[in-house]
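So this block is data12.cif, mmCIF, C-alpha atoms:
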```
data_final
loop_
_atom_site.label_atom_id
_atom_site.label_comp_id
_atom_site.auth_asym_id
_atom_site.auth_seq_id
_atom_site.Cartn_x
_atom_site.Cartn_y
_atom_site.Cartn_z
CA MET T 1 -42.14 48.84 -48.69
CA LYS T 2 -42.32 47.60 -45.13
CA ARG T 3 -43.24 50.20 -42.52
CA THR T 4 -41.12 50.27 -39.37
CA MET T 5 -42.60 50.02 -35.92
CA PHE T 6 -41.24 53.48 -35.18
CA SER T 7 -43.13 54.99 -38.13
CA TYR T 8 -46.29 53.17 -37.13
CA THR T 9 -45.94 54.41 -33.55
CA LYS T 10 -45.55 58.02 -34.67
CA GLU T 11 -48.63 57.72 -36.87
CA ILE T 12 -50.73 56.33 -34.02
CA LEU T 13 -49.52 58.97 -31.57
CA GLU T 14 -50.31 61.74 -34.03
CA ARG T 15 -53.83 60.37 -34.50
CA VAL T 16 -54.59 60.19 -30.77
CA SER T 17 -52.90 63.46 -29.80
CA PHE T 18 -56.31 65.09 -29.29
CA ASP T 19 -56.70 63.14 -26.01
CA PRO T 20 -53.80 63.25 -23.49
CA SER T 21 -54.96 60.12 -21.63
CA LEU T 22 -55.23 58.09 -24.83
CA PHE T 23 -51.89 59.48 -25.98
CA THR T 24 -50.30 58.33 -22.72
CA LYS T 25 -51.81 54.86 -23.06
CA GLU T 26 -50.50 54.46 -26.62
CA LEU T 27 -47.10 55.82 -25.63
CA LYS T 28 -46.78 53.25 -22.84
CA LYS T 29 -47.71 50.45 -25.26
CA ALA T 30 -45.16 51.69 -27.79
CA LEU T 31 -42.36 51.78 -25.22
CA LYS T 32 -42.90 48.08 -24.56
CA VAL T 33 -42.37 47.03 -28.19
CA LEU T 34 -39.84 49.50 -29.59
CA LEU T 35 -36.15 48.71 -29.72
CA PRO T 36 -33.80 50.84 -27.58
CA TYR T 37 -32.59 52.96 -30.49
CA GLU T 38 -36.20 53.49 -31.59
CA VAL T 39 -37.08 54.69 -28.10
CA GLU T 40 -34.32 57.29 -28.40
CA GLN T 41 -35.72 58.40 -31.75
CA LEU T 42 -39.21 58.55 -30.26
CA LYS T 43 -37.92 60.64 -27.37
CA GLU T 44 -36.48 63.21 -29.79
CA TRP T 45 -39.64 63.21 -31.87
CA LEU T 46 -41.83 63.66 -28.78
CA GLU T 47 -39.83 66.65 -27.59
CA ASN T 48 -40.44 68.37 -30.92
CA PHE T 49 -44.06 67.21 -31.25
CA THR T 50 -45.11 68.32 -27.77
CA THR T 51 -43.77 71.82 -28.36
CA ALA T 52 -46.90 72.55 -30.37
CA LYS T 53 -49.14 70.61 -27.97
CA PRO T 54 -48.19 71.58 -24.41
CA GLU T 55 -51.05 69.52 -22.94
CA LEU T 56 -49.02 66.41 -23.92
CA LYS T 57 -45.80 67.51 -22.17
CA PRO T 58 -46.54 65.46 -19.01
CA CYS T 59 -46.23 62.31 -21.14
CA LEU T 60 -42.51 62.96 -21.50
CA ILE T 61 -41.94 61.50 -18.04
CA TYR T 62 -42.48 58.03 -19.50
CA VAL T 63 -39.60 58.35 -21.95
CA ASN T 64 -37.26 60.16 -19.56
CA LYS T 65 -37.12 57.36 -17.01
#
```

Taking this structure as input, can you express it in the form of structure tokens?
Amino acid sequence: MKRTMFSYTKEILERVSFDPSLFTKELKKALKVLLPYEVEQLKEWLENFTTAKPELKPCLIYVNK
């Protein structure tokens, strides 16, 4: 089964969530390649994901533009 870009993006972001600067870098890259509806899905996912990792909350500014 083919993996969607959205699923791949989530996987990468979960893997790099230990480092806020790396997380931000990967998030910016993802926003360039995801489709508009995928960006909306990512925004929702990020809001839930960053609840458990408050050090990543500043990254939300990139999806709330």

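Ranking T:Thr4, T:Pro20, T:Lys28, T:Leu34 by their shortest atom-to-atom distance to T:Lys53, with all atoms listed in the file included, puts T:Pro20 first.
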
Could you spell out the hits of the PyMOL selection byres ((chain T and resi 6-14) around 9) on the shown file, as an NGL selection string?
:T and (3-5 or 15-18 or 22-24 or 26-27 or 30 or 34-35 or 38-39 or 41-42 or 45-46 or 49)

I need the chosen residues saved as an mmCIF file, in the frame of the given file, with C-alpha atoms.
```
data_model
loop_
_atom_site.group_PDB
_atom_site.id
_atom_site.type_symbol
_atom_site.label_atom_id
_atom_site.label_comp_id
_atom_site.auth_asym_id
_atom_site.auth_seq_id
_atom_site.Cartn_x
_atom_site.Cartn_y
_atom_site.Cartn_z
ATOM 1 C CA ARG T 3 -43.240 50.200 -42.520
ATOM 2 C CA THR T 4 -41.120 50.270 -39.370
ATOM 3 C CA MET T 5 -42.600 50.020 -35.920
ATOM 4 C CA ARG T 15 -53.830 60.370 -34.500
ATOM 5 C CA VAL T 16 -54.590 60.190 -30.770
ATOM 6 C CA SER T 17 -52.900 63.460 -29.800
ATOM 7 C CA PHE T 18 -56.310 65.090 -29.290
ATOM 8 C CA LEU T 22 -55.230 58.090 -24.830
ATOM 9 C CA PHE T 23 -51.890 59.480 -25.980
ATOM 10 C CA THR T 24 -50.300 58.330 -22.720
ATOM 11 C CA GLU T 26 -50.500 54.460 -26.620
ATOM 12 C CA LEU T 27 -47.100 55.820 -25.630
ATOM 13 C CA ALA T 30 -45.160 51.690 -27.790
ATOM 14 C CA LEU T 34 -39.840 49.500 -29.590
ATOM 15 C CA LEU T 35 -36.150 48.710 -29.720
ATOM 16 C CA GLU T 38 -36.200 53.490 -31.590
ATOM 17 C CA VAL T 39 -37.080 54.690 -28.100
ATOM 18 C CA GLN T 41 -35.720 58.400 -31.750
ATOM 19 C CA LEU T 42 -39.210 58.550 -30.260
ATOM 20 C CA TRP T 45 -39.640 63.210 -31.870
ATOM 21 C CA LEU T 46 -41.830 63.660 -28.780
ATOM 22 C CA PHE T 49 -44.060 67.210 -31.250
#
```

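Among the candidate residues T:Pro58, T:Asn48, T:Lys65, T:Glu40, the one lying nearest to T:Ser21 is T:Pro58, with distances computed using only C-alpha atoms.
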
Every residue with an atom at most 8 Å from (-39.8, 60.9, -22.8) (file coordinates; only C-alpha atoms) is what I'm after, so could you write them as a PyMOL selection string?
chain T and resi 42-43+46-47+59-65

Using only the atoms of stretch 45-52 of chain T listed in the file, plus 5 Å on each side, state the axis-aligned box centre and edge lengths in Å rounded to one decimal, as AutoDock Vina command-line options.
```
--center_x -43.3 --center_y 67.9 --center_z -29.7 --size_x 17.3 --size_y 19.3 --size_z 14.3
```
